[in-house]
Amino acid sequence: MIPMPSANQAENAISTADPGLRWGAAAERRKVLFFYQDFGQMGGIERYLLQVGQGLWQSGKVEPVFVCSAGSALYQRLQQHGFAVYGLKSPAFFKPSFLRTFDWGAWRQLRRILQAERPDMVHVHFGLMETLLPRLWGFPVVFTFHGYGSLYAHPEPFAGGKAWFKRLVAALFRFTSSRLDALLVVSNAERQRLLAQGFLAESAQSQVIHNGIAVAEFQTPPDETRLKRLRDSLGLDADRPVVTFINRLDENKNPADFIELTRRFARSHPRVQFLLVGDGPLKPQLEGWAEGLPALRLVGYREEIPDLLALSHVLVYPSRREGFGLGLVEAMAAGVPCVAYASEGATEILGTPETACCLVPVGDLEVLQAQVCQWLQLQTSEKAALQSALRQRAQHFTLEATVQNLTRVYQHLMPTVSILLPVYNGAHCVLRAVQSVLNQHYPHWELLVVDDGSTDGTLQALSTISDARVRVVSQPNQGVAAARNHAFQLAQGDYVAFIDADDLWLPHKLSEELKVIRRATRPNQPACLVYSSYYAVDERNRLLNLPKISTHQGDVGEVALRDEGLFLPSTTLVHRDVVAAVGGFQTRCYHEDRVFFIQASQQFPVYATGQRLVLYRQSEAGRCRSVLKDYPAALTAELSIVETLQDSLSPSQLAVLSLQQRRNLMCRFLMYGYLPAAQRLYQTLLTEKAQGPDASLWNACFQGRKSQLALLSVRTGCNVLYMARTLVQAFTRWIPLSSILPPVARPYLKDILSC
């Protein structure tokens with residue numbers, strides 16, 4: 001038994017994960033609930049779950065919790081190894097696997113367990129329909145398709161008039177798998193079979209993660225005294241060869257062919273001994289068939305698999321259908337010559353030039369017998385070469401690799417988010433912003449607050465925060481861009497989010513954006529940018545307007561050039577690789593945030609939540625209005641973004657950006673009441689248009705209601721845009737903000753605004 005370290009020993013646990021994996025300083029163990037309604041007996045999947053649980057715990061990153069059938073062999077083994085394990089009690093009527101979906105009593109038990117444990121995610125093994133309820137209850141769900149004897153992947157049960165049933169099951173599989181947060185398949189062969197038979201759409205996001213074994217456990221030289229004791233207990237003669245079957249005793253694993261092989265050898269090779277190890281529904285029937293075969297030993301399920309393989313001269317693996325074949329890998333790691341039917345999973349394991357000699361046609365007992373005879377008659381040098389090839393191939397299916405790949409999937413689903421909050425003289429509002437972060441439903445984050453040389457008591461206000469996930473640092477006043485860059489240097493999360501000191505997040509902001517990331521990206525391709533829409537409010541948190549919800553996705557580089565309000569820092573969540581690739585925020589540019597997001601959208605895919613998740617505070621005073629008072633300074637500041645991006649964009653893109661920025665400045669002049677400045681800028685634009693007419697560029701930049709009102713204002717000499725904005729704000733300020741927020745956010749509004 002491998003003792004599990006206590007919680008305070010997590011820092012010293014052995015790590016099997018890739019050093020490149022990052023799960024943040026705020027990354028306590030992620031709690032993963034493994035749900036597997038097992039068959040009662042120990043088999044390959046059960047051994048795999050036990051070993052993976054141990055490997056994940058030792059990695060220091062995951063806390064596994066198990067739910068399986070009460071009193072089963074797996075339940076008992078998990079308890080013996082110190083895992084947190086819950087047993088589901090079901091009536092005998094629901095014992096067949098195809099009926100378990102309808103066992104509502106088991107679902108009620110599972111829901112109580114989920115409410116008590118509150119895991120970060122649920123990992124389901126066997127039974128895809130079992131993923132729907134945990135997903136409905138709000139938990140991210142990972143499903144591993146083992147392909148073991150599965151109704152979904154094999155056409156044989158659907159012959160004749162049952163073809164319609166196959167189509168129904170395929171449709172259910174496609175529907176359910178499309179709603180998973182991650183679909184894992186144990187072999188490429190099994191995934192291709194799902195695709196070929198219509199159970200999986202070509203666009204489905206699935207990932208192959210091979211099952212793995214603790215290779216060193218099978219390559220350690222066995223203790224001879226222990227082996228002799230085991231051989232005597234099994235009634236095996238030391239001077240006679242042993243042919244072994246180790247697997248679950250059911251139709252899919254096909255132990256009947258092993259019994260028939262024993263009968264044939266009893267006539268032609270009476271000195272060969274046969275060992276059948278395993279448990280399952282066919283055990284009583286096999287015991288009857290074994291009568292009159294003195295060379296055969298039926299020993300049931302045994303724990304000491306490495307020792308049993310050390311006693312074996314050949315392993316027979318006659319499964320007709322196999323998703324992967326964990327027992328086959330164990331024999332290969334032990335250096336035992338194998339003979340396996342060339343099922344899809346076995347072929348993926350043994351289908352290399354060095355090991356393909358171990359495969360025989362499915363169901364061909366003549367060839368199977370001949371191959372076993374050949375392996376029993378190998379010369380010493382030939383056997384050593386075969387053993388070396390098998391051991392080398394087994395190194396591709398290690399437990400360490402499986403744990404690393406699973407950790408990467410879990411990390412992708414539950415990353416640590418580093419939240420960057422720059423603040424300058426924000427004592428009056430910064431605690432509200434921090435409180436909106438503390439209220440997030442998603443728990444795995446760290447908040448880095450950088451005080452940019454404040455002189456109004458901001459640091460004193462921040463000193464009242466006691467949450468360990470919040471870190472406060474200070475620097476001399478260098479500007480918001482430098483403050484964000486400083487915070488990013490300290491960030492240790494997988495993703496980076498931004499919040500300004502006067503903005504507020506709704507409590508489901510991070511969780512909704514991470515849902516988009518789970519659907520849109522894969523663990524090995526995580527770099528992306530996700531953005532949300534917002535509610536515009538004033539200093540007293542009264543509604544100013546409801547900007548249109550943007551749904552632009554994918555390659556939005558051209559849209560980002562034209563739409564000034566597409567990205568706001570507080571509405572975005574980006575992978576840390578995005579920040580690193582862009583190089584952070586420009587410190588010598590007025591629109592440092594827009595420069596950053598234009599460059600990011602040129603290089604990475606963009607996704608939208610389609611929801612308003614941020615309260616964006618617009619102030620009548622501040623930097624924007626002070627700059628507008630000086631026309632040359634305002635124009636220089638607005639066009640600084642063009643100068644900054646001149647090496648990153650094409651000439652046509654720079655022309656679009658230049659015109660768009662001046663259009664934005666003209667609208668800003670009008671919105672704040674500076675009509676003469678707006679008319680002066682408009683005349684300049686008309687002159688440029690006359691000198692180099694480009695109607696398509698002009699029309700693209702002056703679309704939308706705000707642009708049309710701006711053109712009407714400067715042409716008529718009456719500031720229609722300013723009046724329209726004033727009327728809208730006068731009306732919307734009477735609308736209670738709480739009445740338009742989604743229900744999930746309303747309980748938090750009073751809490752946030754009271755800070």
# chains A, B, ... in the order shown; residues from 1 in each chain; ligands from 1
>>> residues_around(residues="A:Leu234", least_positions_apart="2", cutoff="9 Å", atoms="only C-alpha atoms", output="list in words")
Arg229, Leu230, Arg231, Asp232, Leu236, Leu275, Arg297 and Val299 of chain A
>>> write_last_selection(atoms="C-alpha atoms", output="tab-separated table (two decimals), in the first residue's frame")
chain	number	residue	atom	x	y	z
A	229	ARG	CA	5.58	-19.71	-2.25
A	230	LEU	CA	3.17	-18.44	-4.93
A	231	ARG	CA	4.01	-21.31	-7.30
A	232	ASP	CA	3.37	-23.87	-4.58
A	236	LEU	CA	2.42	-25.29	-10.49
A	275	LEU	CA	-3.18	-20.46	-15.50
A	297	ARG	CA	-5.69	-23.69	-12.85
A	299	VAL	CA	-7.39	-19.03	-9.46
>>> residues_around(residues="A:Glu366", least_positions_apart="6", cutoff="12 Å", atoms="only C-alpha atoms", output="PyMOL selection string")
chain A and resi 257+260-261+264-265+341+360+372-373
>>> closest_residue(among="A:Ser187, A:Gln80, A:Asn425, A:Thr347", to="A:Asp456", atoms="only C-alpha atoms")
A:Asn425
>>> residues_around(residues="stretch 86-89 of chain A", least_positions_apart="6", cutoff="9 Å", atoms="only C-alpha atoms", output="list in words")
Gln37, Val65, Phe66, Val67, Cys68, Ser69, Ala70, Gly71, Ser72, Tyr75, Gly105, Ala106, Trp107, Gln109, Leu110 and Ile113 of chain A
>>> residues_around(residues="A:Pro337", least_positions_apart="6", cutoff="12 Å", atoms="only C-alpha atoms", output="VMD selection string")
chain A and resid 242 to 244 309 to 310 312 to 317 328 to 331 350 355 to 359 371 to 378 382 to 391
>>> residues_around(residues="A:Ile598", least_positions_apart="6", cutoff="8 Å", atoms="only C-alpha atoms", output="list in words")
Gly557, Ala560 and Leu561 of chain A
>>> closest_residue(among="A:Val62, A:Leu506, A:Met121, A:Ala163", to="A:Ser533", atoms="only C-alpha atoms")
A:Leu506
>>> residues_around(residues="stretch 652-663 of chain A", least_positions_apart="6", cutoff="10 Å", atoms="only C-alpha atoms", output="PyMOL selection string")
chain A and resi 557-558+560-564+634-635+637-643+645-646+669+678+681-682+684-685+688+697-698+700-702+707+710-711
>>> write_last_selection(atoms="N, CA and C atoms", output="CSV table (one decimal), in the first residue's frame")
chain,number,residue,atom,x,y,z
A,557,GLY,N,-9.2,40.6,-36.3
A,557,GLY,CA,-8.2,41.6,-36.4
A,557,GLY,C,-8.7,42.9,-37.0
A,558,GLU,N,-9.4,42.7,-38.1
A,558,GLU,CA,-10.0,43.9,-38.8
A,558,GLU,C,-11.1,44.6,-38.0
A,560,ALA,N,-11.2,44.6,-34.7
A,560,ALA,CA,-10.6,45.3,-33.6
A,560,ALA,C,-10.0,46.7,-34.1
A,561,LEU,N,-9.6,46.8,-35.3
A,561,LEU,CA,-9.1,48.1,-35.8
A,561,LEU,C,-10.2,49.1,-35.9
A,562,ARG,N,-11.4,48.7,-36.2
A,562,ARG,CA,-12.5,49.6,-36.4
A,562,ARG,C,-13.4,49.9,-35.2
A,563,ASP,N,-13.4,48.9,-34.3
A,563,ASP,CA,-14.3,49.0,-33.1
A,563,ASP,C,-13.5,49.3,-31.9
A,564,GLU,N,-13.6,50.6,-31.5
A,564,GLU,CA,-12.8,51.0,-30.3
A,564,GLU,C,-13.3,50.3,-29.0
A,634,ALA,N,-4.9,66.5,-27.9
A,634,ALA,CA,-5.9,65.4,-28.0
A,634,ALA,C,-5.6,64.6,-29.3
A,635,LEU,N,-5.3,65.4,-30.4
A,635,LEU,CA,-5.1,64.7,-31.7
A,635,LEU,C,-3.8,63.9,-31.6
A,637,ALA,N,-2.4,62.5,-28.9
A,637,ALA,CA,-2.7,61.4,-28.1
A,637,ALA,C,-3.5,60.3,-28.8
A,638,GLU,N,-4.5,60.7,-29.6
A,638,GLU,CA,-5.3,59.8,-30.3
A,638,GLU,C,-4.6,59.0,-31.4
A,639,LEU,N,-3.7,59.7,-32.1
A,639,LEU,CA,-2.9,59.1,-33.1
A,639,LEU,C,-1.6,58.4,-32.7
A,640,SER,N,-1.3,58.5,-31.4
A,640,SER,CA,-0.1,57.8,-30.9
A,640,SER,C,-0.2,56.3,-31.1
A,641,ILE,N,-1.4,55.8,-31.1
A,641,ILE,CA,-1.6,54.4,-31.3
A,641,ILE,C,-1.2,54.0,-32.7
A,642,VAL,N,-1.4,54.9,-33.7
A,642,VAL,CA,-1.0,54.6,-35.1
A,642,VAL,C,0.5,54.5,-35.2
A,643,GLU,N,1.2,55.5,-34.5
A,643,GLU,CA,2.7,55.5,-34.5
A,643,GLU,C,3.2,54.2,-33.8
A,645,LEU,N,1.9,51.3,-33.6
A,645,LEU,CA,1.6,50.0,-34.4
A,645,LEU,C,2.1,50.1,-35.8
A,646,GLN,N,2.9,51.0,-36.2
A,646,GLN,CA,3.3,51.2,-37.6
A,646,GLN,C,4.2,50.0,-38.1
A,669,PHE,N,-15.2,64.4,-28.9
A,669,PHE,CA,-15.4,65.9,-28.8
A,669,PHE,C,-16.9,66.2,-28.6
A,678,ALA,N,-14.8,69.4,-32.9
A,678,ALA,CA,-15.3,68.3,-33.7
A,678,ALA,C,-15.4,68.8,-35.2
A,681,LEU,N,-11.9,69.0,-36.8
A,681,LEU,CA,-11.4,67.7,-37.1
A,681,LEU,C,-12.1,67.2,-38.4
A,682,TYR,N,-13.4,67.4,-38.4
A,682,TYR,CA,-14.2,66.9,-39.6
A,682,TYR,C,-13.7,67.6,-40.9
A,684,THR,N,-10.8,68.6,-41.6
A,684,THR,CA,-9.5,68.0,-41.9
A,684,THR,C,-9.7,66.6,-42.6
A,685,LEU,N,-10.7,65.9,-42.1
A,685,LEU,CA,-11.0,64.6,-42.7
A,685,LEU,C,-11.6,64.7,-44.1
A,688,GLU,N,-8.7,65.3,-46.5
A,688,GLU,CA,-8.0,64.1,-46.9
A,688,GLU,C,-8.8,63.2,-47.8
A,697,LEU,N,-13.4,52.9,-47.5
A,697,LEU,CA,-12.8,53.1,-46.2
A,697,LEU,C,-13.6,54.1,-45.4
A,698,TRP,N,-14.0,55.2,-46.0
A,698,TRP,CA,-14.8,56.2,-45.3
A,698,TRP,C,-16.1,55.5,-44.8
A,700,ALA,N,-16.8,52.4,-44.2
A,700,ALA,CA,-16.6,51.4,-43.1
A,700,ALA,C,-16.4,52.0,-41.8
A,701,CYS,N,-15.7,53.2,-41.8
A,701,CYS,CA,-15.4,53.8,-40.5
A,701,CYS,C,-16.5,54.6,-40.0
A,702,PHE,N,-17.5,55.0,-40.8
A,702,PHE,CA,-18.5,55.9,-40.3
A,702,PHE,C,-19.9,55.2,-40.3
A,707,SER,N,-22.0,57.2,-35.3
A,707,SER,CA,-21.3,57.9,-36.3
A,707,SER,C,-22.2,58.8,-37.1
A,710,ALA,N,-23.0,61.8,-35.2
A,710,ALA,CA,-21.8,62.7,-35.2
A,710,ALA,C,-21.7,63.5,-36.5
A,711,LEU,N,-22.0,62.8,-37.7
A,711,LEU,CA,-21.9,63.5,-39.0
A,711,LEU,C,-23.0,64.6,-39.0
